[in-house]
file data12.cif (mmCIF, C-alpha atoms)
data_query
loop_
_atom_site.label_atom_id
_atom_site.label_comp_id
_atom_site.auth_asym_id
_atom_site.auth_seq_id
_atom_site.Cartn_x
_atom_site.Cartn_y
_atom_site.Cartn_z
CA MET P 8 58.68 89.99 171.90
CA LYS P 9 54.94 90.55 172.13
CA TYR P 10 55.52 94.26 171.65
CA TYR P 11 57.53 93.45 168.53
CA ASN P 12 54.72 91.24 167.21
CA TYR P 13 52.02 93.84 167.69
CA SER P 14 54.27 96.54 166.26
CA LEU P 15 54.77 94.41 163.20
CA LEU P 16 51.02 93.85 162.87
CA PHE P 17 50.25 97.55 163.41
CA ALA P 18 52.88 98.62 160.90
CA SER P 19 51.55 96.12 158.39
CA LEU P 20 47.97 97.29 158.88
CA LEU P 21 49.06 100.90 158.54
CA PHE P 22 50.80 100.01 155.29
CA ILE P 23 47.77 98.12 154.05
CA PHE P 24 45.28 100.85 154.79
CA SER P 25 47.55 103.57 153.49
CA GLY P 26 47.21 101.79 150.16
CA CYS P 27 43.44 102.19 150.21
CA GLY P 28 42.15 104.75 147.81
CA SER P 29 45.48 105.13 146.12
CA GLY P 30 44.18 104.87 142.67
CA SER P 31 42.35 101.60 142.48
CA GLU P 32 38.93 103.11 142.97
CA PRO P 33 36.85 102.72 139.90
CA GLU P 34 34.58 105.45 138.60
CA SER P 35 31.11 104.02 138.98
CA GLU P 36 29.23 106.61 137.01
CA LYS P 37 28.56 105.61 133.46
CA VAL P 38 29.37 108.11 130.78
CA GLN P 39 26.09 109.49 129.59
CA GLU P 40 27.27 111.69 126.72
CA ASP P 41 26.91 110.60 123.14
CA THR P 42 30.53 111.38 122.52
CA ILE P 43 33.41 109.96 124.51
CA GLN P 44 35.45 112.89 125.74
CA MET P 45 39.03 112.46 126.92
CA ASP P 46 38.05 114.32 130.11
CA SER P 47 35.51 111.71 131.09
CA VAL P 48 37.71 108.83 130.02
CA THR P 49 40.70 109.89 132.06
CA THR P 50 38.51 110.57 135.09
CA GLN P 51 37.09 107.10 134.70
CA ILE P 52 40.27 105.20 134.11
CA LYS P 53 42.62 106.34 136.88
CA GLU P 54 45.03 103.41 136.68
CA PHE P 55 44.37 102.73 133.03
CA VAL P 56 46.77 104.60 130.84
CA HIS P 57 46.05 105.43 127.23
CA ILE P 58 47.89 103.06 124.89
CA PHE P 59 50.12 105.27 122.75
CA PRO P 60 51.57 104.07 119.44
CA SER P 61 54.97 102.44 119.77
CA HIS P 62 57.86 104.60 118.57
CA LEU P 63 59.23 101.68 116.59
CA LYS P 64 55.97 101.25 114.70
CA VAL P 65 55.88 104.97 113.91
CA ALA P 66 59.51 104.84 112.71
CA LEU P 67 58.73 101.86 110.47
CA MET P 68 55.62 103.54 109.09
CA PHE P 69 57.67 106.62 108.21
CA LYS P 70 60.34 104.45 106.60
CA ASN P 71 57.73 102.65 104.50
CA ALA P 72 56.36 106.02 103.46
CA GLY P 73 59.80 106.85 102.05
CA LEU P 74 61.68 108.44 104.94
CA LYS P 75 65.41 108.36 104.15
CA TYR P 76 68.26 108.15 106.64
CA ASP P 77 70.09 111.37 107.46
CA PRO P 78 72.64 111.05 110.28
CA THR P 79 73.01 114.83 110.56
CA LEU P 80 69.52 115.00 112.07
CA LEU P 81 70.36 112.79 115.04
CA LEU P 82 71.02 114.21 118.46
CA PRO P 83 74.75 114.26 119.28
CA LEU P 84 75.61 111.41 121.64
CA ARG P 85 77.73 113.65 123.86
CA ASN P 86 74.67 115.74 124.73
CA SER P 87 73.46 112.95 126.99
CA GLU P 88 76.27 113.76 129.44
CA LYS P 89 74.82 117.23 129.91
CA LEU P 90 71.46 115.88 131.02
CA VAL P 91 71.67 116.16 134.79
CA THR P 92 68.12 116.32 136.13
CA SER P 93 65.68 113.41 136.21
CA TYR P 94 63.37 115.47 134.02
CA ASP P 95 66.01 116.00 131.34
CA ARG P 96 67.19 112.39 131.47
CA ALA P 97 63.66 110.98 131.13
CA PHE P 98 62.89 113.43 128.34
CA GLY P 99 66.22 112.68 126.62
CA LEU P 100 65.55 108.94 126.85
CA GLY P 101 62.59 109.41 124.51
CA PHE P 102 64.69 111.28 121.93
CA TYR P 103 67.59 108.86 122.00
CA GLY P 104 65.17 105.90 121.90
CA VAL P 105 63.66 107.13 118.65
CA ASP P 106 67.12 107.86 117.20
CA MET P 107 68.08 104.30 118.13
CA ALA P 108 65.03 102.86 116.34
CA TYR P 109 65.63 105.14 113.32
CA THR P 110 69.26 104.05 112.97
CA ALA P 111 68.51 100.35 113.54
CA ILE P 112 65.81 100.10 110.88
CA ASN P 113 68.13 101.87 108.46
CA ASN P 114 70.93 99.31 108.99
CA GLN P 115 73.11 101.79 110.90
CA THR P 116 73.92 99.22 113.55
CA GLN P 117 77.01 100.86 115.03
CA ALA P 118 75.15 104.13 115.52
CA SER P 119 72.26 102.16 116.93
CA ILE P 120 74.34 100.31 119.50
CA ASN P 121 75.92 103.58 120.61
CA LEU P 122 72.43 104.98 121.10
CA LEU P 123 71.39 101.84 122.98
CA LYS P 124 74.29 102.39 125.37
CA ILE P 125 73.23 106.01 125.86
CA SER P 126 69.66 104.84 126.51
CA LYS P 127 70.95 102.31 129.03
CA GLN P 128 72.99 104.98 130.80
CA LEU P 129 70.04 107.38 130.98
CA SER P 130 67.74 104.58 132.12
CA GLN P 131 70.13 103.65 134.93
CA GLN P 132 70.27 107.28 136.01
CA ILE P 133 66.49 107.39 136.43
CA GLY P 134 66.15 104.05 138.20
CA LEU P 135 65.40 101.71 135.31
CA GLU P 136 68.58 99.66 135.53
CA SER P 137 66.68 96.42 136.20
CA VAL P 138 65.03 96.64 132.77
CA TYR P 139 68.44 96.31 131.13
CA GLU P 140 70.00 93.99 133.69
CA SER P 141 67.26 91.37 133.58
CA ASN P 142 66.93 91.36 129.81
CA HIS P 143 70.57 91.77 128.65
CA TYR P 144 69.55 94.05 125.79
CA VAL P 145 73.06 95.31 125.00
CA GLU P 146 74.45 91.77 124.80
CA LYS P 147 71.51 90.59 122.66
CA PHE P 148 71.92 93.60 120.40
CA GLU P 149 75.65 93.02 119.95
CA SER P 150 75.01 89.37 119.05
CA ASN P 151 72.55 90.27 116.30
CA LEU P 152 74.16 93.23 114.57
CA ASN P 153 73.70 91.69 111.13
CA ASP P 154 70.02 90.92 111.58
CA VAL P 155 67.96 94.09 111.34
CA ASP P 156 64.66 92.32 112.01
CA THR P 157 65.99 90.87 115.26
CA LEU P 158 67.38 94.27 116.25
CA ALA P 159 63.95 95.77 115.67
CA ASP P 160 62.41 93.03 117.83
CA ILE P 161 64.94 93.76 120.60
CA ILE P 162 64.13 97.49 120.46
CA ALA P 163 60.39 96.75 120.47
CA ASP P 164 60.84 94.58 123.56
CA LEU P 165 63.02 97.21 125.24
CA PHE P 166 60.38 99.89 124.69
CA ALA P 167 57.61 97.58 125.95
CA GLU P 168 59.61 96.48 129.03
CA THR P 169 60.47 100.06 129.91
CA ASP P 170 56.85 101.11 129.52
CA ALA P 171 55.60 98.19 131.66
CA PHE P 172 58.22 98.82 134.34
CA LEU P 173 57.35 102.51 134.60
CA LYS P 174 53.60 101.89 134.76
CA ASP P 175 53.95 98.99 137.23
CA ASN P 176 56.02 101.24 139.46
CA ASP P 177 53.63 104.19 139.31
CA LYS P 178 56.03 106.33 137.28
CA LEU P 179 53.44 107.50 134.81
CA ASP P 180 55.00 110.97 134.73
CA VAL P 181 58.29 109.48 133.51
CA THR P 182 56.41 107.37 130.93
CA LEU P 183 54.69 110.48 129.59
CA LEU P 184 57.85 112.56 129.57
CA THR P 185 59.73 109.85 127.68
CA PHE P 186 56.88 109.46 125.23
CA ALA P 187 56.76 113.24 124.70
CA GLY P 188 60.49 113.23 123.87
CA GLY P 189 60.07 110.34 121.46
CA TRP P 190 57.03 111.91 119.83
CA THR P 191 58.92 115.17 119.29
CA GLU P 192 61.93 113.40 117.80
CA SER P 193 59.79 111.25 115.46
CA VAL P 194 57.91 114.24 114.11
CA TYR P 195 61.13 116.28 113.89
CA LEU P 196 62.94 113.62 111.83
CA ALA P 197 59.93 113.10 109.55
CA SER P 198 59.22 116.81 109.07
CA SER P 199 62.88 117.60 108.36
CA LEU P 200 62.97 115.00 105.61
CA ALA P 201 59.49 115.89 104.35
CA LYS P 202 60.71 119.43 103.85
CA SER P 203 63.42 118.36 101.44
CA SER P 204 61.60 115.46 99.78
CA LYS P 205 58.09 117.01 99.61
CA ASN P 206 56.88 113.45 100.18
CA LYS P 207 53.09 113.67 100.60
CA ALA P 208 52.82 110.29 102.33
CA ILE P 209 55.30 111.38 105.01
CA ILE P 210 53.49 114.69 105.47
CA GLU P 211 50.20 112.81 105.82
CA LEU P 212 51.78 110.59 108.48
CA VAL P 213 53.07 113.67 110.29
CA GLY P 214 49.45 114.84 110.44
CA ASP P 215 48.40 111.45 111.79
CA GLN P 216 50.69 111.98 114.79
CA LEU P 217 48.09 114.46 116.04
CA VAL P 218 46.22 111.43 117.38
CA SER P 219 48.69 111.09 120.26
CA LEU P 220 48.81 114.75 121.21
CA ASN P 221 45.40 115.14 122.86
CA PRO P 222 45.82 112.24 125.32
CA LEU P 223 49.48 113.14 125.88
CA ILE P 224 48.78 116.79 126.72
CA LYS P 225 45.83 115.80 128.91
CA LEU P 226 47.78 113.18 130.85
CA LEU P 227 50.81 115.47 131.27
CA GLY P 228 48.48 118.06 132.80
CA GLU P 229 47.17 115.52 135.29
CA ASN P 230 50.52 114.10 136.39
CA GLN P 231 52.62 117.00 137.58
CA SER P 232 53.15 116.12 141.23
CA ASN P 233 56.86 115.39 140.67
CA PHE P 234 57.57 117.48 137.58
CA ASP P 235 56.41 120.82 136.23
CA PHE P 236 55.16 120.11 132.74
CA SER P 237 53.67 123.55 132.11
CA LEU P 238 56.26 124.67 129.54
CA LEU P 239 56.18 121.33 127.73
CA ILE P 240 52.37 121.38 127.64
CA LYS P 241 52.44 124.91 126.24
CA GLN P 242 54.94 123.88 123.55
CA LEU P 243 52.97 120.76 122.64
CA ASN P 244 49.76 122.79 122.40
CA GLU P 245 51.56 125.21 120.08
CA THR P 246 52.80 122.27 118.00
CA LYS P 247 49.26 120.94 117.85
CA ALA P 248 47.96 124.30 116.66
CA ILE P 249 50.58 124.37 113.86
CA LEU P 250 49.70 120.82 112.80
CA GLU P 251 45.99 121.62 112.79
CA LYS P 252 46.63 124.32 110.20
CA GLY P 253 47.45 121.47 107.84
CA ILE P 254 43.98 119.95 108.06
CA ILE P 255 42.43 120.67 104.67
CA THR P 256 39.31 118.56 105.21
CA PRO P 257 38.46 117.38 108.74
CA GLU P 258 37.79 113.71 109.27
CA THR P 259 34.23 112.43 109.18
CA GLU P 260 32.78 109.44 111.02
CA THR P 261 34.06 107.15 108.30
CA GLU P 262 36.66 109.05 106.30
CA PRO P 263 40.12 110.23 107.37
CA MET P 264 41.08 113.89 107.36
CA VAL P 265 42.85 115.34 104.34
CA PHE P 266 46.14 116.81 105.53
CA ASP P 267 48.95 118.71 103.91
CA LEU P 268 51.62 121.20 105.00
CA ASN P 269 53.10 123.85 102.75
CA GLU P 270 56.74 124.85 103.08
CA ALA P 271 56.02 127.75 105.42
CA GLN P 272 53.95 125.48 107.69
CA ILE P 273 56.69 122.84 107.74
CA ASN P 274 59.22 125.54 108.65
CA GLU P 275 56.96 126.77 111.44
CA LEU P 276 56.53 123.22 112.70
CA LEU P 277 60.27 122.56 112.60
CA GLN P 278 60.99 125.76 114.45
CA LYS P 279 58.63 124.71 117.25
CA LEU P 280 60.03 121.18 117.36
CA LYS P 281 63.58 122.57 117.53
CA GLU P 282 62.49 124.70 120.47
CA ILE P 283 61.22 121.60 122.32
CA ARG P 284 64.27 119.62 121.23
CA SER P 285 66.63 122.33 122.52
CA LYS P 286 65.98 121.06 126.06
CA VAL P 287 68.05 118.03 125.09
CA ASN P 288 70.03 119.35 122.14
CA ASN P 289 71.35 122.44 123.93
CA ALA P 290 71.42 121.06 127.44
CA MET X 147 52.20 83.65 167.32
CA ASN X 148 54.61 85.05 164.75
CA LYS X 149 53.27 82.74 162.07
CA ILE X 150 49.67 83.70 162.84
CA ILE X 151 50.49 87.40 162.61
CA ILE X 152 52.35 86.98 159.35
CA ALA X 153 49.53 84.88 157.88
CA LEU X 154 46.91 87.38 159.04
CA THR X 155 48.95 90.26 157.67
CA ALA X 156 49.36 88.53 154.33
CA LEU X 157 45.63 87.79 154.20
CA LEU X 158 44.71 91.39 154.99
CA PHE X 159 47.26 92.65 152.50
CA TRP X 160 45.78 90.38 149.82
CA ILE X 161 42.25 91.55 150.61
CA GLN X 162 43.20 95.19 150.42
CA ASN X 163 45.71 95.02 147.59
CA PRO X 164 44.73 92.18 145.27
CA LYS X 165 46.72 93.84 142.49
CA ALA X 166 49.90 92.99 144.32
CA PHE X 167 49.03 89.31 144.21
CA SER X 168 47.06 88.98 141.02
CA GLN X 169 48.50 88.84 137.55
CA CYS X 170 47.73 92.48 136.94
CA LYS X 171 51.32 93.54 136.56
CA LEU X 172 51.96 94.87 133.09
CA LYS X 173 55.35 93.16 132.97
CA ASP X 174 53.77 89.75 133.59
CA LEU X 175 50.87 90.37 131.24
CA LYS X 176 53.26 91.49 128.51
CA SER X 177 55.31 88.31 128.91
CA GLU X 178 52.14 86.20 128.87
CA TYR X 179 50.84 87.78 125.67
CA LEU X 180 54.09 87.94 123.68
CA GLU X 181 53.58 84.33 122.60
CA LYS X 182 49.78 84.41 122.42
CA ILE X 183 49.69 87.27 119.94
CA LYS X 184 52.03 85.75 117.34
CA PRO X 185 52.26 86.31 114.39
CA TYR X 186 51.18 89.78 115.51
CA GLU X 187 53.69 92.00 117.22
CA PHE X 188 53.29 93.61 120.59
CA GLU X 189 52.48 97.34 120.46
CA GLY X 190 51.25 98.31 123.89
CA ILE X 191 49.29 97.36 126.97
CA SER X 192 47.17 98.94 129.65
CA ALA X 193 45.80 97.19 132.72
CA GLY X 194 44.32 97.87 136.11
CA VAL X 195 42.16 96.60 138.92
CA ILE X 196 38.43 97.36 139.13
CA PHE X 197 35.60 96.34 141.44
CA ALA X 198 33.10 93.68 140.42
CA GLY X 199 30.01 95.23 138.88
CA GLU X 200 31.86 98.31 137.62
CA SER X 201 32.83 99.53 134.18
CA THR X 202 35.98 101.11 132.92
CA THR X 203 37.31 102.35 129.60
CA ILE X 204 40.79 102.07 128.13
CA SER X 205 41.69 104.25 125.14
CA VAL X 206 44.13 103.35 122.40
CA SER X 207 45.50 105.24 119.37
CA VAL X 208 45.46 103.42 116.02
CA PHE X 209 46.74 104.44 112.59
CA ARG X 210 44.84 104.16 109.35
CA ASN X 211 45.48 101.20 107.04
CA GLN X 212 47.44 99.24 109.65
CA LYS X 213 46.42 95.73 110.66
CA TYR X 214 45.76 95.53 114.38
CA ARG X 215 44.51 92.98 116.84
CA LEU X 216 43.25 93.94 120.29
CA TYR X 217 43.28 91.29 123.02
CA PHE X 218 40.98 91.62 126.00
CA HIS X 219 42.11 90.15 129.30
CA SER X 220 40.18 89.75 132.52
CA GLU X 221 40.66 87.67 135.64
CA GLY X 222 39.34 87.45 139.15
CA PHE X 223 35.64 87.97 138.38
CA ASP X 224 32.76 85.61 139.13
CA GLY X 225 31.37 85.59 135.59
CA PRO X 226 31.95 86.76 132.06
CA VAL X 227 33.17 90.29 131.48
CA SER X 228 31.49 92.18 128.67
CA VAL X 229 33.70 94.09 126.25
CA LYS X 230 32.86 96.77 123.71
CA VAL X 231 35.19 98.58 121.32
CA MET X 232 33.89 101.97 120.28
CA THR X 233 34.88 105.04 118.35
CA ARG X 234 34.87 108.44 120.07
CA ASN X 235 31.27 108.89 118.90
CA ARG X 236 30.27 105.64 120.61
CA PHE X 237 29.86 103.74 117.38
CA VAL X 238 30.27 100.13 118.46
CA LEU X 239 32.89 98.30 116.39
CA PHE X 240 33.04 95.12 118.45
CA THR X 241 31.10 93.51 121.26
CA ASN X 242 31.31 90.09 122.89
CA LYS X 243 27.63 90.31 123.89
CA ASP X 244 26.70 87.19 121.91
CA ASP X 245 29.84 85.25 122.74
CA PRO X 246 31.55 86.27 126.00
CA SER X 247 34.45 83.96 125.21
CA LEU X 248 35.59 86.24 122.37
CA ASN X 249 38.81 87.77 123.55
CA LYS X 250 40.21 89.48 120.49
CA TYR X 251 39.23 91.88 117.75
CA THR X 252 41.12 92.19 114.45
CA PHE X 253 40.71 95.30 112.35
CA VAL X 254 42.23 97.72 109.84
CA PRO X 255 41.14 101.29 110.71
CA LYS X 256 40.08 103.50 107.81
CA LYS X 257 41.34 106.54 109.66
CA THR X 258 43.81 107.36 112.39
CA GLU X 259 41.88 107.78 115.62
CA ASP X 260 41.41 106.73 119.22
CA TYR X 261 39.35 103.64 120.01
CA PHE X 262 37.77 103.07 123.41
CA VAL X 263 37.58 99.63 124.98
CA GLU X 264 34.85 99.42 127.60
CA PHE X 265 34.88 96.59 130.14
CA THR X 266 31.78 95.87 132.24
CA THR X 267 32.40 93.34 134.98
CA PRO X 268 29.80 91.05 136.62
CA THR X 269 28.48 91.78 140.07
CA SER X 270 29.61 89.68 142.98
CA ALA X 271 28.11 88.63 146.31
CA SER X 272 31.21 89.98 147.96
CA GLU X 273 31.21 93.76 148.24
CA ASP X 274 34.98 94.04 147.98
CA SER X 275 35.39 91.68 145.07
CA ARG X 276 37.64 93.00 142.33
CA GLY X 277 39.74 91.78 139.47
CA CYS X 278 42.08 92.72 136.70
CA VAL X 279 41.23 93.88 133.20
CA ALA X 280 43.72 94.64 130.45
CA VAL X 281 43.95 95.51 126.79
CA VAL X 282 46.86 94.38 124.65
CA LEU X 283 47.39 96.10 121.31
CA SER X 284 49.26 94.16 118.64
CA SER X 285 49.86 94.79 114.97
CA ARG X 286 51.11 93.01 111.90
CA GLY X 287 53.19 94.49 109.07
CA TYR X 288 53.81 98.14 108.56
#
call {"tool": "encode", "arguments": {"input": "data12.cif", "output": "structure tokens"}}
result
Amino acid sequence: MKYYNYSLLFASLLFIFSGCGSGSEPESEKVQEDTIQMDSVTTQIKEFVHIFPSHLKVALMFKNAGLKYDPTLLLPLRNSEKLVTSYDRAFGLGFYGVDMAYTAINNQTQASINLLKISKQLSQQIGLESVYESNHYVEKFESNLNDVDTLADIIADLFAETDAFLKDNDKLDVTLLTFAGGWTESVYLASSLAKSSKNKAIIELVGDQLVSLNPLIKLLGENQSNFDFSLLIKQLNETKAILEKGIITPETETEPMVFDLNEAQINELLQKLKEIRSKVNNA
Amino acid sequence: MNKIIIALTALLFWIQNPKAFSQCKLKDLKSEYLEKIKPYEFEGISAGVIFAGESTTISVSVFRNQKYRLYFHSEGFDGPVSVKVMTRNRFVLFTNKDDPSLNKYTFVPKKTEDYFVEFTTPTSASEDSRGCVAVVLSSRGY
């Protein structure tokens, strides 16, 4: 019995001390530079993850800018069955999540609920089942099919819960992969419709999505212990370079950048986004 | 004997891993702030544990012409935590220097950019003292 007691204590102490230094150490050095660089910030923050824009907010901003609904742009639902690795499922979750938000805010509730079910399935396959089980999202969604605002609230909560669960459980790599998928799908949908509509406000908003790319690429580079993000990082850097060609006047301290994309640049952007999307679309 | 060992283990675990016992779980913080931020809507959150007397920075992306409110959360420290919101070029947009009880900042950015929220926590007599800091981003309208 005594042996059991001391074993328990020893095992507990081992567990406790193995937790030391696992990411809670703060960076004590103050940043001395005049400009805050992402390098220094990410070194400093360790456990503190950049707050990326919510996909739902981005979808609503695009809609308000005039983005129309085009169901032919959505990823086919059946593709989700071909996603077999954790990488592909986490990445696909981001794409289907944005498609779900896009359909819901455009009153396409049946399409949206189908996408919610796909998201639930993918989430379960990567260990996020408790997010759905404890919050009953599918049931809540089905009970509010005629209320688009409530559906948007449910999706917002689902995104936030998923994000919190992943970060609380040290799955930052999955968070980033999912965000990268959602970012790609948002910009793909907007660019596809900007190409046909020539809507300047949508194109300007596409340019604004550059804001997420620097922290995303940086964090992907730093979180590759479970996944190899090298191809995705390369593709996102190439996407960034294409978007940067659209900067007509760079931002100043107080004024935003002036951004526009001509048809050839939109085509180049779409080609790159399709290449990234093919991981899920042609799985 | 068993009870003593369990109590001692729990105590040691708490000392070494306060995050596990404090309200520094994003899920809990999110639930806590969902009501507090109304009529604003929840956009995102970042949180973590830092030592007393240290600083840390949390970055956040914001879009031009959108109405945002940032909430600053801290717990577990012996005194007020100072907060600054800055642009990349360290231009200070908000500080609670004159009123440490200020825990939110409402703004409409003129351009799409990253903001940096810097927390500086008070020193403590205890070397191992630490607490939780968090930023909650909320927005209103689109």
call {"tool": "interface_residues", "arguments": {"input": "data12.cif", "of": "chain X", "to": "chain P", "cutoff": "7 Å", "atoms": "only C-alpha atoms", "output": "number ranges by chain"}}
result
X: 148, 151, 155, 159, 162, 171-173, 189-197, 200-207, 234-236, 256-260, 288
call {"tool": "resolve_selection", "arguments": {"input": "data12.cif", "expression": "the PyMOL selection byres ((chain P and resi 237-243) around 9)", "output": "VMD selection string"}}
result
chain P and resid 187 191 220 223 to 225 227 to 228 231 235 to 236 244 to 248 279 to 280 282 to 283
call {"tool": "atom_distance", "arguments": {"input": "data12.cif", "atom1": "CA of Glu211 (chain P)", "atom2": "CA of Leu277 (chain P)"}}
result
15.6 Å
call {"tool": "resolve_selection", "arguments": {"input": "data12.cif", "expression": "the PyMOL selection byres ((chain X and resi 183) around 12)", "output": "ChimeraX atom specification"}}
result
/X:175-182,184-190,214-218,249-252,282-286
call {"tool": "residues_around", "arguments": {"input": "data12.cif", "residues": "Pro268 (chain X)", "least_positions_apart": "2", "cutoff": "10 Å", "atoms": "all atoms listed in the file", "output": "list in words"}}
result
Phe197, Ala198, Gly199, Glu200, Ser201, Phe223, Asp224, Gly225, Pro226, Val227, Ser228, Phe265, Thr266, Ser270 and Arg276 of chain X
call {"tool": "residues_around", "arguments": {"input": "data12.cif", "residues": "Lys281 (chain P)", "least_positions_apart": "2", "cutoff": "12 Å", "atoms": "all atoms listed in the file", "output": "VMD selection string"}}
result
chain P and resid 80 82 188 191 to 192 194 to 196 198 to 199 242 to 243 246 273 to 279 283 to 289
call {"tool": "write_last_selection", "arguments": {"input": "data12.cif", "atoms": "C-alpha atoms", "output": "PDB file, keeping the file's coordinate frame"}}
result
ATOM      1  CA  LEU P  80      69.520 115.000 112.070  1.00  0.00           C
ATOM      2  CA  LEU P  82      71.020 114.210 118.460  1.00  0.00           C
ATOM      3  CA  GLY P 188      60.490 113.230 123.870  1.00  0.00           C
ATOM      4  CA  THR P 191      58.920 115.170 119.290  1.00  0.00           C
ATOM      5  CA  GLU P 192      61.930 113.400 117.800  1.00  0.00           C
ATOM      6  CA  VAL P 194      57.910 114.240 114.110  1.00  0.00           C
ATOM      7  CA  TYR P 195      61.130 116.280 113.890  1.00  0.00           C
ATOM      8  CA  LEU P 196      62.940 113.620 111.830  1.00  0.00           C
ATOM      9  CA  SER P 198      59.220 116.810 109.070  1.00  0.00           C
ATOM     10  CA  SER P 199      62.880 117.600 108.360  1.00  0.00           C
ATOM     11  CA  GLN P 242      54.940 123.880 123.550  1.00  0.00           C
ATOM     12  CA  LEU P 243      52.970 120.760 122.640  1.00  0.00           C
ATOM     13  CA  THR P 246      52.800 122.270 118.000  1.00  0.00           C
ATOM     14  CA  ILE P 273      56.690 122.840 107.740  1.00  0.00           C
ATOM     15  CA  ASN P 274      59.220 125.540 108.650  1.00  0.00           C
ATOM     16  CA  GLU P 275      56.960 126.770 111.440  1.00  0.00           C
ATOM     17  CA  LEU P 276      56.530 123.220 112.700  1.00  0.00           C
ATOM     18  CA  LEU P 277      60.270 122.560 112.600  1.00  0.00           C
ATOM     19  CA  GLN P 278      60.990 125.760 114.450  1.00  0.00           C
ATOM     20  CA  LYS P 279      58.630 124.710 117.250  1.00  0.00           C
ATOM     21  CA  ILE P 283      61.220 121.600 122.320  1.00  0.00           C
ATOM     22  CA  ARG P 284      64.270 119.620 121.230  1.00  0.00           C
ATOM     23  CA  SER P 285      66.630 122.330 122.520  1.00  0.00           C
ATOM     24  CA  LYS P 286      65.980 121.060 126.060  1.00  0.00           C
ATOM     25  CA  VAL P 287      68.050 118.030 125.090  1.00  0.00           C
ATOM     26  CA  ASN P 288      70.030 119.350 122.140  1.00  0.00           C
ATOM     27  CA  ASN P 289      71.350 122.440 123.930  1.00  0.00           C
TER      28      ASN P 289
END
call {"tool": "atom_distance", "arguments": {"input": "data12.cif", "atom1": "CA of Glu251 (chain P)", "atom2": "CA of Phe98 (chain P)"}}
result
24.4 Å
call {"tool": "resolve_selection", "arguments": {"input": "data12.cif", "expression": "the PyMOL selection byres ((chain P and resi 117) around 12)", "output": "list of chain:residue names"}}
result
P:Met107, P:Thr110, P:Ala111, P:Ile112, P:Asn113, P:Asn114, P:Gln115, P:Thr116, P:Ala118, P:Ser119, P:Ile120, P:Asn121, P:Leu122, P:Leu123, P:Lys124, P:Phe148, P:Glu149, P:Asn151, P:Leu152, P:Asn153, P:Val155, P:Leu158
call {"tool": "atom_distance", "arguments": {"input": "data12.cif", "atom1": "CA of Val279 (chain X)", "atom2": "CA of Glu229 (chain P)"}}
result
22.5 Å
call {"tool": "axis_aligned_box", "arguments": {"input": "data12.cif", "around": "region 210-219 of chain X", "padding_each_side": "5 Å", "output": "lines of an AutoDock Vina configuration file"}}
result
center_x = 44.2
center_y = 97.2
center_z = 118.2
size_x = 16.5
size_y = 24.0
size_z = 32.3
call {"tool": "closest_residue", "arguments": {"input": "data12.cif", "among": "X:Val263, X:Cys278, X:Val254, X:Ala271", "to": "Gln212 (chain X)", "atoms": "all atoms listed in the file"}}
result
X:Val254
call {"tool": "residues_around", "arguments": {"input": "data12.cif", "residues": "Lys243 (chain X)", "least_positions_apart": "2", "cutoff": "9 Å", "atoms": "all atoms listed in the file", "output": "ChimeraX atom specification"}}
result
/X:228-230,241,245-246
call {"tool": "closest_residue", "arguments": {"input": "data12.cif", "among": "P:Ser137, P:Gln272, P:Lys205, P:Ala97", "to": "Phe186 (chain P)", "atoms": "all atoms listed in the file"}}
result
P:Ala97
